[in-house]
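Peer 1: What follows is query-v4.txt; its format and atoms are compact mmCIF, C-alpha atoms.
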# COMPACT_ATOMS: atom_id res chain seq x y z
CA MET A 1 -22.53 14.23 20.17
CA ARG A 2 -22.29 16.10 16.92
CA PRO A 3 -20.86 13.90 14.20
CA GLU A 4 -17.55 15.12 12.79
CA GLY A 5 -16.23 15.03 9.26
CA ASN A 6 -17.69 15.68 5.88
CA LEU A 7 -20.51 13.19 6.34
CA ALA A 8 -22.05 15.12 9.17
CA HIS A 9 -24.99 16.00 6.96
CA GLN A 10 -25.86 12.37 6.39
CA ASN A 11 -28.31 11.30 9.08
CA SER A 12 -28.37 7.59 8.53
CA TRP A 13 -25.88 5.15 7.12
CA GLU A 14 -28.68 2.67 6.62
CA VAL A 15 -29.86 4.68 3.62
CA CYS A 16 -27.50 3.23 1.08
CA PRO A 17 -27.70 4.69 -2.43
CA GLN A 18 -26.31 1.48 -3.90
CA PRO A 19 -28.14 -1.80 -4.36
CA LYS A 20 -27.55 -4.21 -1.50
CA GLU A 21 -27.42 -7.32 -3.63
CA HIS A 22 -23.98 -8.79 -4.23
CA GLU A 23 -22.75 -7.08 -1.11
CA LEU A 24 -19.68 -8.64 0.45
CA ARG A 25 -19.03 -8.11 4.14
CA LEU A 26 -15.92 -8.99 6.05
CA ILE A 27 -15.07 -8.40 9.70
CA LEU A 28 -11.38 -8.60 10.55
CA PRO A 29 -9.33 -8.38 13.73
CA ALA A 30 -7.10 -5.29 13.53
CA THR A 31 -3.75 -7.04 13.02
CA ASP A 32 -1.24 -6.96 10.16
CA ALA A 33 -1.69 -10.69 9.59
CA ALA A 34 -5.49 -10.48 9.49
CA VAL A 35 -5.29 -7.56 7.03
CA ARG A 36 -3.09 -9.66 4.73
CA ARG A 37 -5.59 -12.52 4.86
CA GLY A 38 -8.53 -10.15 4.43
CA LEU A 39 -7.02 -8.66 1.26
CA GLN A 40 -6.61 -12.17 -0.18
CA THR A 41 -10.22 -13.01 0.75
CA ILE A 42 -11.56 -9.88 -0.94
CA LYS A 43 -9.49 -10.45 -4.09
CA HIS A 44 -10.68 -14.05 -4.18
CA GLY A 45 -14.29 -12.99 -3.58
CA LEU A 46 -14.11 -10.55 -6.50
CA GLU A 47 -12.76 -13.07 -8.99
CA PRO A 48 -16.24 -13.66 -10.55
CA ASN A 49 -16.42 -9.89 -11.26
CA GLY A 50 -13.67 -10.36 -13.86
CA LEU A 51 -11.63 -7.31 -12.88
CA ALA A 52 -8.53 -6.48 -14.91
CA ALA A 53 -5.13 -6.96 -13.25
CA ASP A 54 -4.54 -3.21 -12.90
CA GLU A 55 -8.00 -2.78 -11.34
CA VAL A 56 -7.21 -5.44 -8.75
CA ALA A 57 -3.85 -3.72 -8.15
CA SER A 58 -5.50 -0.34 -7.48
CA LEU A 59 -8.00 -1.97 -5.18
CA GLU A 60 -5.35 -3.82 -3.20
CA ILE A 61 -3.22 -0.69 -2.82
CA VAL A 62 -6.13 1.42 -1.51
CA LEU A 63 -7.52 -1.25 0.80
CA ALA A 64 -4.09 -2.16 2.19
CA GLU A 65 -3.35 1.49 3.00
CA ILE A 66 -6.72 2.11 4.66
CA LEU A 67 -6.63 -1.11 6.69
CA ASN A 68 -2.99 -0.63 7.72
CA ASN A 69 -3.84 2.86 8.93
CA ILE A 70 -6.69 1.51 11.04
CA VAL A 71 -4.37 -1.11 12.58
CA GLU A 72 -1.53 1.35 13.19
CA HIS A 73 -3.40 4.50 14.17
CA ALA A 74 -7.10 4.03 14.94
CA TYR A 75 -6.42 0.91 17.01
CA ALA A 76 -2.92 1.91 18.13
CA ASP A 77 -3.88 1.27 21.79
CA HIS A 78 -6.54 -1.37 21.10
CA PRO A 79 -5.00 -4.51 19.62
CA GLU A 80 -8.33 -6.34 20.10
CA GLY A 81 -10.20 -4.00 17.72
CA LEU A 82 -12.33 -5.10 14.78
CA ILE A 83 -12.59 -3.72 11.25
CA ASP A 84 -15.86 -4.04 9.35
CA ILE A 85 -15.60 -3.94 5.54
CA ARG A 86 -18.61 -3.80 3.25
CA LEU A 87 -18.43 -3.64 -0.51
CA SER A 88 -20.92 -3.79 -3.32
CA GLN A 89 -20.66 -3.56 -7.07
CA ALA A 90 -22.69 -0.83 -8.75
CA ASP A 91 -22.80 0.48 -12.30
CA ASP A 92 -20.14 3.08 -11.57
CA GLY A 93 -17.72 0.82 -9.70
CA LEU A 94 -17.11 -0.87 -6.37
CA HIS A 95 -18.45 0.95 -3.33
CA PHE A 96 -16.82 0.46 0.05
CA LEU A 97 -17.81 1.30 3.60
CA ILE A 98 -15.13 0.58 6.20
CA SER A 99 -15.88 1.00 9.90
CA ASP A 100 -13.88 0.72 13.08
CA ARG A 101 -14.31 1.77 16.70
CA GLY A 102 -10.78 3.08 17.20
CA ASN A 103 -9.37 6.58 17.58
CA MET A 104 -10.87 9.35 15.47
CA MET A 105 -8.74 10.69 12.64
CA PRO A 106 -6.74 13.73 13.80
CA GLY A 107 -8.92 16.83 13.40
CA GLY A 108 -11.85 14.68 12.32
CA GLU A 109 -10.66 14.59 8.72
CA PRO A 110 -8.57 12.12 6.70
CA PRO A 111 -5.06 13.44 5.92
CA LEU A 112 -4.68 15.39 2.68
CA GLY A 113 -1.94 13.06 1.46
CA LEU A 114 -0.01 15.55 -0.61
CA GLN A 115 2.64 14.49 -3.09
CA ALA A 116 5.98 14.43 -1.30
CA ASN A 117 8.74 16.67 -2.58
CA LEU A 118 11.45 14.38 -3.93
CA ASN A 119 13.76 17.12 -5.21
CA CYS A 120 16.07 16.74 -2.28
CA ASP A 121 19.18 14.87 -1.15
CA ILE A 122 18.71 11.14 -0.76
CA ALA A 123 19.29 11.59 2.98
CA ASP A 124 16.19 13.80 3.15
CA LEU A 125 13.81 11.56 1.19
CA PRO A 126 10.56 10.81 3.03
CA GLU A 127 10.11 7.25 4.33
CA GLY A 128 6.42 7.69 5.07
CA GLY A 129 3.35 9.70 4.22
CA PHE A 130 2.74 7.84 0.94
CA GLY A 131 -0.35 6.01 2.17
CA TRP A 132 -2.95 8.77 2.01
CA PHE A 133 -1.46 10.09 -1.20
CA LEU A 134 -2.03 6.68 -2.82
CA ILE A 135 -5.55 6.41 -1.39
CA ARG A 136 -6.53 9.83 -2.71
CA GLU A 137 -4.95 9.16 -6.11
CA LEU A 138 -6.87 5.93 -6.63
CA ALA A 139 -10.16 6.23 -4.70
CA HIS A 140 -13.15 8.42 -5.58
CA GLU A 141 -15.74 10.19 -3.40
CA LEU A 142 -13.80 9.58 -0.23
CA ARG A 143 -15.91 10.50 2.79
CA TYR A 144 -15.22 10.14 6.48
CA ALA A 145 -17.28 10.61 9.60
CA HIS A 146 -16.89 9.80 13.27
CA VAL A 147 -20.33 8.98 14.61
CA ASP A 148 -21.21 7.49 18.02
CA GLY A 149 -17.65 6.30 18.61
CA GLU A 150 -17.34 4.75 15.19
CA ASN A 151 -15.11 5.77 12.28
CA LYS A 152 -16.83 5.37 8.93
CA LEU A 153 -14.93 5.75 5.70
CA SER A 154 -16.66 5.33 2.37
CA PHE A 155 -15.26 5.53 -1.14
CA ARG A 156 -15.72 4.25 -4.65
CA MET A 157 -13.20 2.47 -6.82
CA ALA A 158 -13.97 3.13 -10.49
CA ILE A 159 -13.42 -0.51 -11.40
CA GLY A 160 -15.62 -3.29 -12.67
CA GLN A 161 -18.06 -0.82 -14.18
CA LYS A 162 -20.85 -2.19 -16.33
CA ARG A 163 -20.02 -1.42 -19.92
CA MET B 1 11.69 -12.01 5.86
CA LYS B 2 13.60 -14.15 3.41
CA LEU B 3 16.43 -12.24 1.75
CA THR B 4 19.05 -14.24 -0.12
CA HIS B 5 22.07 -12.75 -1.82
CA GLN B 6 24.62 -13.63 -4.44
CA ASP B 7 27.85 -11.69 -4.96
CA PHE B 8 29.32 -10.99 -8.40
CA ASP B 9 32.52 -9.02 -9.11
CA ASP B 10 31.20 -5.60 -8.13
CA VAL B 11 27.56 -6.19 -7.41
CA ARG B 12 25.61 -7.96 -4.69
CA VAL B 13 22.22 -9.18 -5.91
CA VAL B 14 19.75 -9.35 -3.03
CA CYS B 15 16.65 -11.40 -3.78
CA VAL B 16 13.46 -10.96 -1.74
CA GLY B 17 11.98 -14.42 -1.13
CA GLU B 18 8.59 -13.13 0.06
CA ASN B 19 5.73 -12.16 -2.26
CA ARG B 20 4.94 -8.96 -0.33
CA ILE B 21 6.79 -6.15 1.38
CA ASP B 22 4.09 -4.68 3.59
CA ALA B 23 3.39 -3.33 7.06
CA ALA B 24 3.85 -6.80 8.54
CA CYS B 25 7.49 -7.15 7.43
CA ALA B 26 8.74 -3.65 6.48
CA ILE B 27 10.92 -3.10 9.57
CA GLN B 28 12.54 -6.51 9.27
CA PHE B 29 13.21 -5.89 5.57
CA LYS B 30 14.82 -2.53 6.36
CA ASP B 31 17.11 -4.02 9.03
CA GLU B 32 18.17 -6.98 6.89
CA MET B 33 18.82 -4.77 3.87
CA ARG B 34 21.00 -2.51 5.98
CA ALA B 35 23.12 -5.47 7.13
CA LEU B 36 23.49 -6.68 3.51
CA SER B 37 24.51 -3.25 2.18
CA ASP B 38 26.92 -2.65 5.10
CA SER B 39 28.86 -5.79 4.19
CA GLY B 40 28.36 -5.47 0.42
CA PRO B 41 30.29 -4.05 -2.55
CA ALA B 42 29.74 -0.63 -4.16
CA ARG B 43 26.63 -1.75 -5.98
CA ILE B 44 23.59 -3.48 -4.51
CA LEU B 45 20.87 -4.76 -6.81
CA LEU B 46 17.55 -5.53 -5.16
CA ASP B 47 15.77 -8.26 -7.10
CA LEU B 48 12.02 -7.83 -6.62
CA GLN B 49 10.85 -10.51 -9.05
CA ASN B 50 9.01 -12.44 -6.30
CA VAL B 51 7.37 -9.36 -4.82
CA GLU B 52 3.81 -9.09 -6.13
CA PHE B 53 2.71 -6.37 -3.74
CA LEU B 54 4.31 -3.48 -1.91
CA ASP B 55 2.40 -1.00 0.22
CA SER B 56 3.46 2.41 1.55
CA SER B 57 5.25 0.78 4.50
CA GLY B 58 7.16 -1.41 2.05
CA LEU B 59 7.97 1.59 -0.12
CA GLY B 60 9.19 3.46 2.96
CA ALA B 61 11.42 0.50 3.81
CA VAL B 62 12.95 0.44 0.31
CA VAL B 63 13.59 4.21 0.58
CA ALA B 64 15.15 3.63 4.00
CA ALA B 65 17.39 0.97 2.44
CA LEU B 66 18.50 3.53 -0.16
CA LYS B 67 19.25 6.08 2.54
CA ALA B 68 21.21 3.50 4.53
CA VAL B 69 23.84 2.78 1.86
CA ARG B 70 27.42 3.94 2.44
CA HIS B 71 28.87 7.00 0.74
CA GLY B 72 29.68 5.95 -2.82
CA GLN B 73 27.53 2.82 -2.66
CA ARG B 74 24.48 2.46 -4.89
CA LEU B 75 21.17 0.64 -4.48
CA GLU B 76 19.32 -0.25 -7.67
CA LEU B 77 16.09 -2.18 -8.24
CA ALA B 78 15.21 -4.92 -10.72
CA ALA B 79 12.20 -6.90 -11.95
CA LEU B 80 9.25 -4.91 -10.56
CA HIS B 81 5.81 -6.49 -10.84
CA PRO B 82 3.17 -4.17 -12.35
CA THR B 83 1.53 -3.43 -8.97
CA VAL B 84 4.91 -2.59 -7.43
CA GLN B 85 5.84 -0.49 -10.46
CA ARG B 86 2.53 1.33 -10.04
CA VAL B 87 3.29 2.33 -6.46
CA PHE B 88 6.74 3.61 -7.50
CA HIS B 89 5.24 5.50 -10.42
CA LEU B 90 2.33 7.10 -8.53
CA THR B 91 4.63 8.32 -5.75
CA ARG B 92 7.27 9.35 -8.36
CA MET B 93 9.82 7.21 -6.54
CA ASP B 94 10.59 5.77 -9.99
CA THR B 95 12.44 9.07 -10.58
CA VAL B 96 14.64 8.50 -7.53
CA PHE B 97 15.67 4.88 -8.12
CA THR B 98 17.49 3.27 -11.02
CA ILE B 99 15.08 0.51 -12.05
CA HIS B 100 16.09 -2.37 -14.34
CA THR B 101 13.60 -4.62 -16.11
CA SER B 102 15.41 -7.74 -14.94
CA VAL B 103 18.46 -8.85 -12.98
CA ALA B 104 19.95 -10.20 -16.21
CA THR B 105 19.81 -6.81 -17.97
CA ALA B 106 21.17 -5.06 -14.89
CA VAL B 107 24.10 -7.42 -14.48
CA GLU B 108 24.73 -7.60 -18.22
CA GLY B 109 24.73 -3.79 -18.33
CA ILE B 110 27.36 -3.78 -15.63
CA ALA B 111 29.49 -6.28 -17.60
CA ASN B 112 29.18 -4.28 -20.84
CA ALA B 113 30.06 -1.01 -19.15
CA SER B 114 33.28 -2.29 -17.62
Written as structure tokens, how would this file's structure read?

Peer 2:
Amino acid sequence: MRPEGNLAHQNSWEVCPQPKEHELRLILPATDAAVRRGLQTIKHGLEPNGLAADEVASLEIVLAEILNNIVEHAYADHPEGLIDIRLSQADDGLHFLISDRGNMMPGGEPPLGLQANLNCDIADLPEGGFGWFLIRELAHELRYAHVDGENKLSFRMAIGQKR
Amino acid sequence: MKLTHQDFDDVRVVCVGENRIDAACAIQFKDEMRALSDSGPARILLDLQNVEFLDSSGLGAVVAALKAVRHGQRLELAALHPTVQRVFHLTRMDTVFTIHTSVATAVEGIANAS
């Protein structure tokens, strides 16, 4: 099957441009409660990196949105699904690769996440659609592919850079 | 979801007892807020001082709470943690809500204005 998404050109995910040392890997059940615990584990695991409070905030926002989406959409009909999170610190920030075996993103691409129009009556304000906007505001080099039944999303958070 | 409230002359202060409003509790928050605004006075102040994290589901639930108030009733926010403030700012929802730095300033402001 032809891989979909903007990573279709990349033949192997094993070729990682970033150093493998200091890699953190976490495999979570796809539930709201496990995502909450996983976020705490990752924040705790990154404490030695000495990230600033606003860097941790950006990271938690992006990760929470991505993981919630996997629970709610990718694994909508598969409550027993697993989420695999890998992260490693490089000179230019924290690199993430998040995989799941749930439903492919609609159209094989992550949503654009456009800024919602708020110049409207209160009754017409949007109650959703903020997630991908936040992800795209805060994450860099976001790439997605659906390969061999697996969703792979990679991105970089420009935090914890070596100065 | 732990929501406690305290009524003053013309304002009901609703305090969120949890440290997160996220996908796991957003619907419950929305329903409980609706019940508290239905039975409340013209002004509802949501005290977020305990809330260290709010995701897009939580933001959606706070917007839903705003949309659920009666005609002529207001929902205002107080004491946002930096991460919560960040989510409101990035999504520009800080332009939709009246946000006070603390409950004390919000309630004091009400007292001074009357």

Peer 1: Against segment 126-147 of chain A, which residues of segment 42-85 of chain A fall within 8 Å? For each one I want the closest pair of atoms and the distance in Å (one decimal), counting all atoms listed in the file, rows by chain and increasing residue number, as JSON lines.

Peer 2:
{"residue": "A:Ser58", "atom": "CA", "partner": "A:Leu138", "partner_atom": "CA", "distance": 6.5}
{"residue": "A:Ile61", "atom": "CA", "partner": "A:Leu134", "partner_atom": "CA", "distance": 7.5}
{"residue": "A:Val62", "atom": "CA", "partner": "A:Ile135", "partner_atom": "CA", "distance": 5.0}
{"residue": "A:Glu65", "atom": "CA", "partner": "A:Gly131", "partner_atom": "CA", "distance": 5.5}
{"residue": "A:Ile66", "atom": "CA", "partner": "A:Ile135", "partner_atom": "CA", "distance": 7.5}

Peer 1: When distances are computed from all atoms listed in the file, which of B:Leu80, B:Val16, B:Ala104, B:Val63 shows the smallest separation from chain A?

Peer 2: B:Val63

Peer 1: Which residue out of B:Cys25, B:Ala78, B:Leu3, B:Val51 has the minimum interatomic distance to chain A when all atoms listed in the file are used?

Peer 2: B:Cys25

Peer 1: Considering only C-alpha atoms, can you say which of B:Val11, B:Leu48, B:Ala24, B:Val62 comes closest to chain A?

Peer 2: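 Looking only at the distances to chain A, the closest residue turns out to be B:Ala24.
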
Peer 1: Using only C-alpha atoms, pick whichever of B:Phe8, B:Val96, B:Ser102, B:Gly17 has the shortest atom-to-atom distance to Asn50 of chain B.

Peer 2: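 Ranked by minimum distance to Asn50 of chain B, first place goes to B:Gly17.
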
Peer 1: Compare A:Met104, A:Leu125, A:Met157, A:Leu87 by their minimum atom-to-atom distance to chain B, counting only C-alpha atoms, and give me the closest one.

Peer 2: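 Answer, going by the shortest atom-to-atom distance: A:Leu125.
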
Peer 1: How many Å separate atom CA of Asn19 of chain B from atom CA of His95 of chain A?

Peer 2: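 Computed distance, atom CA of Asn19 of chain B to atom CA of His95 of chain A, equals 27.5 Å.
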
Peer 1: For the atom pair atom CA of Thr91 of chain B and atom CA of Asp55 of chain B, what is the interatomic distance in Å to one decimal place?

Peer 2: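 If I compute the distance from atom CA of Thr91 of chain B to atom CA of Asp55 of chain B, I get 11.3 Å.
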
Peer 1: Taking into account all atoms listed in the file, which residue in the set B:Phe88, B:Glu76, B:His5, B:His81 is nearest to Arg20 of chain B?

Peer 2: B:His81

Peer 1: Residues of chain B no more than 12 Å from chain A, counting all atoms listed in the file: send them over as a tab-separated table (two decimals) with C-alpha atoms, in the frame of the given file.

Peer 2:
chain	number	residue	atom	x	y	z
B	19	ASN	CA	5.73	-12.16	-2.26
B	20	ARG	CA	4.94	-8.96	-0.33
B	21	ILE	CA	6.79	-6.15	1.38
B	22	ASP	CA	4.09	-4.68	3.59
B	23	ALA	CA	3.39	-3.33	7.06
B	24	ALA	CA	3.85	-6.80	8.54
B	25	CYS	CA	7.49	-7.15	7.43
B	26	ALA	CA	8.74	-3.65	6.48
B	27	ILE	CA	10.92	-3.10	9.57
B	30	LYS	CA	14.82	-2.53	6.36
B	52	GLU	CA	3.81	-9.09	-6.13
B	53	PHE	CA	2.71	-6.37	-3.74
B	54	LEU	CA	4.31	-3.48	-1.91
B	55	ASP	CA	2.40	-1.00	0.22
B	56	SER	CA	3.46	2.41	1.55
B	57	SER	CA	5.25	0.78	4.50
B	58	GLY	CA	7.16	-1.41	2.05
B	59	LEU	CA	7.97	1.59	-0.12
B	60	GLY	CA	9.19	3.46	2.96
B	61	ALA	CA	11.42	0.50	3.81
B	62	VAL	CA	12.95	0.44	0.31
B	63	VAL	CA	13.59	4.21	0.58
B	64	ALA	CA	15.15	3.63	4.00
B	65	ALA	CA	17.39	0.97	2.44
B	66	LEU	CA	18.50	3.53	-0.16
B	67	LYS	CA	19.25	6.08	2.54
B	68	ALA	CA	21.21	3.50	4.53
B	69	VAL	CA	23.84	2.78	1.86
B	70	ARG	CA	27.42	3.94	2.44
B	71	HIS	CA	28.87	7.00	0.74
B	74	ARG	CA	24.48	2.46	-4.89
B	75	LEU	CA	21.17	0.64	-4.48
B	81	HIS	CA	5.81	-6.49	-10.84
B	82	PRO	CA	3.17	-4.17	-12.35
B	83	THR	CA	1.53	-3.43	-8.97
B	84	VAL	CA	4.91	-2.59	-7.43
B	85	GLN	CA	5.84	-0.49	-10.46
B	86	ARG	CA	2.53	1.33	-10.04
B	87	VAL	CA	3.29	2.33	-6.46
B	88	PHE	CA	6.74	3.61	-7.50
B	89	HIS	CA	5.24	5.50	-10.42
B	90	LEU	CA	2.33	7.10	-8.53
B	91	THR	CA	4.63	8.32	-5.75
B	92	ARG	CA	7.27	9.35	-8.36
B	93	MET	CA	9.82	7.21	-6.54
B	94	ASP	CA	10.59	5.77	-9.99
B	95	THR	CA	12.44	9.07	-10.58
B	96	VAL	CA	14.64	8.50	-7.53
B	97	PHE	CA	15.67	4.88	-8.12

Peer 1: Show me the residues close to (27.2, 0.2, -4.2) - anything with an atom within 6 Å, counting all atoms listed in the file - and format the list as a PyMOL selection string.

Peer 2: chain B and resi 41-44+73-74

Peer 1: Might you pull out every residue within 10 Å of His73 of chain A, with all atoms listed in the file counted and same-chain residues fewer than 6 positions away left off, and present them as a PyMOL selection string?

Peer 2: chain A and resi 67+102-106

Peer 1: At what distance in Å, to one decimal, does atom CA of Ala34 of chain A lie from atom CA of Gln161 of chain A?

Peer 2: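 The value is 28.5 Å.
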